[in-house]
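Undergrad: Below is one structure. I have some questions about it.
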Amino acid sequence: MVYHCCPAKVGPSVLDCDMAFLANEGKRALDAGASYLHLDVMDGHFVPNISFGPYVIECLRKHIPDVFFDCHMMTSEPENWIEKVAKAQGSRPGLLCYTFHYEATEPRGKTQEVIDAIKANNMKVGLTISPDTPIESLLKYADQIDLALIMTVYPGKGGQSFIEAMMEKVKTLRAAYPDMDIEVDGGVKPKTVDMAAKAGANLIVSGSGVYKAEDMATSITTMQRSVEKHGNGKSEDELTALRSDK
């Protein structure tokens, strides 16, 4: 197994929280050990569902100014939302990532344009691919991005299981880019996280694995410890302490 030095982090997907209390739910997960928040923006076109938009992210930022936000843009025209999302800059540079889908831009010849616009608005660049898109598509732009998101379910469809075959993409990407932040999203929970950690993912997105867990702190730290053990090669004594809400 080839280890990497990228920090192990868990980012709860807030779609699984009580959205009526979004700021409090975000803080609750962070207090339980989460490192960042994963914010899924759905436009009803790229995916069937509608979630929330840039204004909600901007409002959330006022309550959580010091934490990294990964804005996962499941939108058909991500170029239209860049400036609006950029209003949610944190208390210091580097706390906002704009992660968009290759499938939304490449057929229109706009992937490079979107990357350039994200950088011009002082955000980190995230690029994601759906399960049917080969890793070679993302690799074309890998030198220009800060975060690569490998979807382990099909975006916008609930009730799916973790697609283990996607770990080959993670392995390929980690071998080519040992220092890149590689994120996995979809069906990742304590019982599936080891597969992602062993493949080389260091950023773990989990929705129900956090917000529906019987013990949120235990679930979060279990997933973080998996990456530290299987990805960073840490010994048991070096792992983050296992926590509990109880």
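Residues are named by chain letter and number: chains run A, B, ... in the order of the structure tokens, numbers start at 1 in each chain, and ligands are numbered from 1 in the order shown.
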Contacts of Glu183 of chain A at 6 Å or less, counting only C-alpha atoms, minus same-chain residues fewer than 5 places along, as a VMD selection string?

TA: chain A and resid 149 201 203 to 204

Undergrad: I'd like the contact shell of Ser76 of chain A - 9 Å cut-off, only C-alpha atoms, skipping same-chain residues fewer than 2 positions apart - returned as a count of residues only.

TA: 13

Undergrad: Could you give me the residues within segment 37-245 of chain A that DSSP places in strand (DSSP E), as a PyMOL selection string?

TA: chain A and resi 37-42+68-74+96-101+124-129+147-151+181-185+203-206

Undergrad: Could you write out that same residue set with N, CA and C atoms as a CSV table (one decimal), in the first residue's frame?

TA:
chain,number,residue,atom,x,y,z
A,37,LEU,N,-17.5,21.6,5.8
A,37,LEU,CA,-18.9,21.3,5.4
A,37,LEU,C,-19.0,21.2,3.9
A,38,HIS,N,-19.8,20.2,3.5
A,38,HIS,CA,-20.0,19.9,2.1
A,38,HIS,C,-21.4,20.4,1.7
A,39,LEU,N,-21.5,21.4,0.8
A,39,LEU,CA,-22.8,22.1,0.5
A,39,LEU,C,-23.2,21.7,-0.9
A,40,ASP,N,-24.3,21.0,-1.0
A,40,ASP,CA,-24.7,20.5,-2.3
A,40,ASP,C,-25.8,21.5,-2.9
A,41,VAL,N,-25.4,22.2,-4.0
A,41,VAL,CA,-26.3,23.1,-4.7
A,41,VAL,C,-26.9,22.3,-5.9
A,42,MET,N,-28.2,22.2,-5.9
A,42,MET,CA,-28.9,21.4,-6.9
A,42,MET,C,-29.9,22.4,-7.6
A,68,PHE,N,-13.9,25.7,6.3
A,68,PHE,CA,-13.8,25.4,4.9
A,68,PHE,C,-15.2,25.0,4.4
A,69,PHE,N,-15.7,25.6,3.3
A,69,PHE,CA,-16.9,25.2,2.7
A,69,PHE,C,-16.5,24.6,1.3
A,70,ASP,N,-17.0,23.4,1.0
A,70,ASP,CA,-16.9,22.8,-0.3
A,70,ASP,C,-18.2,22.9,-0.9
A,71,CYS,N,-18.4,23.8,-1.9
A,71,CYS,CA,-19.7,24.0,-2.6
A,71,CYS,C,-19.7,23.1,-3.8
A,72,HIS,N,-20.5,22.0,-3.7
A,72,HIS,CA,-20.6,21.1,-4.8
A,72,HIS,C,-21.8,21.5,-5.7
A,73,MET,N,-21.4,22.0,-6.9
A,73,MET,CA,-22.4,22.7,-7.8
A,73,MET,C,-23.0,21.6,-8.7
A,74,MET,N,-24.1,21.1,-8.4
A,74,MET,CA,-24.8,20.1,-9.3
A,74,MET,C,-25.8,21.0,-10.1
A,96,LEU,N,-13.0,28.6,0.8
A,96,LEU,CA,-14.2,28.4,-0.1
A,96,LEU,C,-13.7,27.7,-1.4
A,97,CYS,N,-14.3,26.5,-1.7
A,97,CYS,CA,-14.0,25.8,-2.9
A,97,CYS,C,-15.3,25.7,-3.7
A,98,TYR,N,-15.1,25.9,-5.0
A,98,TYR,CA,-16.2,25.8,-6.0
A,98,TYR,C,-16.0,24.6,-6.8
A,99,THR,N,-16.8,23.5,-6.5
A,99,THR,CA,-16.6,22.2,-7.1
A,99,THR,C,-17.7,22.0,-8.2
A,100,PHE,N,-17.3,21.9,-9.4
A,100,PHE,CA,-18.3,21.8,-10.5
A,100,PHE,C,-18.1,20.5,-11.3
A,101,HIS,N,-19.2,20.1,-12.0
A,101,HIS,CA,-19.2,18.9,-12.7
A,101,HIS,C,-18.6,19.0,-14.2
A,124,LYS,N,-11.0,28.3,-4.3
A,124,LYS,CA,-10.3,27.1,-4.8
A,124,LYS,C,-11.1,26.4,-5.8
A,125,VAL,N,-10.4,25.6,-6.7
A,125,VAL,CA,-11.1,25.0,-7.8
A,125,VAL,C,-11.3,23.5,-7.5
A,126,GLY,N,-12.5,23.1,-7.6
A,126,GLY,CA,-12.8,21.6,-7.4
A,126,GLY,C,-13.5,21.1,-8.7
A,127,LEU,N,-13.1,20.0,-9.2
A,127,LEU,CA,-13.7,19.4,-10.4
A,127,LEU,C,-14.1,18.0,-10.0
A,128,THR,N,-15.3,17.6,-10.4
A,128,THR,CA,-15.9,16.3,-10.1
A,128,THR,C,-16.4,15.6,-11.3
A,129,ILE,N,-16.4,14.3,-11.2
A,129,ILE,CA,-16.9,13.4,-12.3
A,129,ILE,C,-17.9,12.4,-11.7
A,147,LEU,N,-8.9,20.4,-5.8
A,147,LEU,CA,-9.6,19.3,-5.2
A,147,LEU,C,-10.3,18.5,-6.3
A,148,ALA,N,-10.2,17.2,-6.2
A,148,ALA,CA,-10.8,16.3,-7.2
A,148,ALA,C,-11.9,15.5,-6.4
A,149,LEU,N,-13.1,15.5,-6.9
A,149,LEU,CA,-14.2,14.8,-6.3
A,149,LEU,C,-14.6,13.6,-7.2
A,150,ILE,N,-14.5,12.4,-6.6
A,150,ILE,CA,-14.9,11.2,-7.3
A,150,ILE,C,-16.3,10.8,-6.8
A,151,MET,N,-17.3,10.9,-7.6
A,151,MET,CA,-18.6,10.5,-7.1
A,151,MET,C,-18.7,9.0,-7.0
A,181,ASP,N,-5.8,16.9,-2.8
A,181,ASP,CA,-7.0,16.6,-2.0
A,181,ASP,C,-8.0,15.8,-2.9
A,182,ILE,N,-8.2,14.6,-2.5
A,182,ILE,CA,-9.1,13.7,-3.3
A,182,ILE,C,-10.3,13.4,-2.4
A,183,GLU,N,-11.5,13.7,-2.9
A,183,GLU,CA,-12.7,13.6,-2.1
A,183,GLU,C,-13.6,12.5,-2.7
A,184,VAL,N,-14.3,11.8,-1.9
A,184,VAL,CA,-15.3,10.9,-2.3
A,184,VAL,C,-16.7,11.3,-1.7
A,185,ASP,N,-17.7,11.1,-2.5
A,185,ASP,CA,-19.1,11.5,-2.1
A,185,ASP,C,-20.1,10.5,-2.6
A,203,LEU,N,-10.5,13.2,1.7
A,203,LEU,CA,-11.6,14.0,2.1
A,203,LEU,C,-12.9,13.1,2.0
A,204,ILE,N,-13.6,12.9,3.1
A,204,ILE,CA,-14.7,12.0,3.1
A,204,ILE,C,-16.0,12.8,3.3
A,205,VAL,N,-16.8,12.8,2.3
A,205,VAL,CA,-18.2,13.4,2.4
A,205,VAL,C,-19.1,12.3,2.9
A,206,SER,N,-19.9,12.7,3.9
A,206,SER,CA,-20.9,11.7,4.4
A,206,SER,C,-22.1,12.5,4.9

Undergrad: Which distance in Å separates atom CA of Val85 of chain A and atom CA of Lys119 of chain A, to one decimal?

TA: 12.6 Å

Undergrad: Which parts of segment 46-157 of chain A does DSSP call alpha helix (DSSP H) when run on the backbone here, written out as a PyMOL selection string?

TA: chain A and resi 54-63+82-85+102-105+111-120+135-139

Undergrad: Please build the interface table for segment 21-95 of chain A against segment 219-226 of chain A with a cut-off of 12 Å, listing for each qualifying residue the nearest atom pair and the distance in Å to one decimal; count only C-alpha atoms, order rows by chain and increasing number, and write it as JSON lines.

TA:
{"residue": "A:Arg28", "atom": "CA", "partner": "A:Ile220", "partner_atom": "CA", "distance": 11.8}
{"residue": "A:Ala29", "atom": "CA", "partner": "A:Ile220", "partner_atom": "CA", "distance": 8.5}
{"residue": "A:Leu30", "atom": "CA", "partner": "A:Ile220", "partner_atom": "CA", "distance": 9.6}
{"residue": "A:Asp31", "atom": "CA", "partner": "A:Ile220", "partner_atom": "CA", "distance": 10.5}
{"residue": "A:Ala32", "atom": "CA", "partner": "A:Ile220", "partner_atom": "CA", "distance": 7.2}
{"residue": "A:Gly33", "atom": "CA", "partner": "A:Ile220", "partner_atom": "CA", "distance": 6.3}
{"residue": "A:Ala34", "atom": "CA", "partner": "A:Ile220", "partner_atom": "CA", "distance": 6.4}
{"residue": "A:Ser35", "atom": "CA", "partner": "A:Ile220", "partner_atom": "CA", "distance": 9.4}
{"residue": "A:Tyr36", "atom": "CA", "partner": "A:Ile220", "partner_atom": "CA", "distance": 11.5}

Undergrad: Show me, as a PyMOL selection string, the residues that have an atom within 6 Å of segment 240-246 of chain A when counting only C-alpha atoms, minus same-chain residues fewer than 6 positions from it.

TA: chain A and resi 215+217-218+221
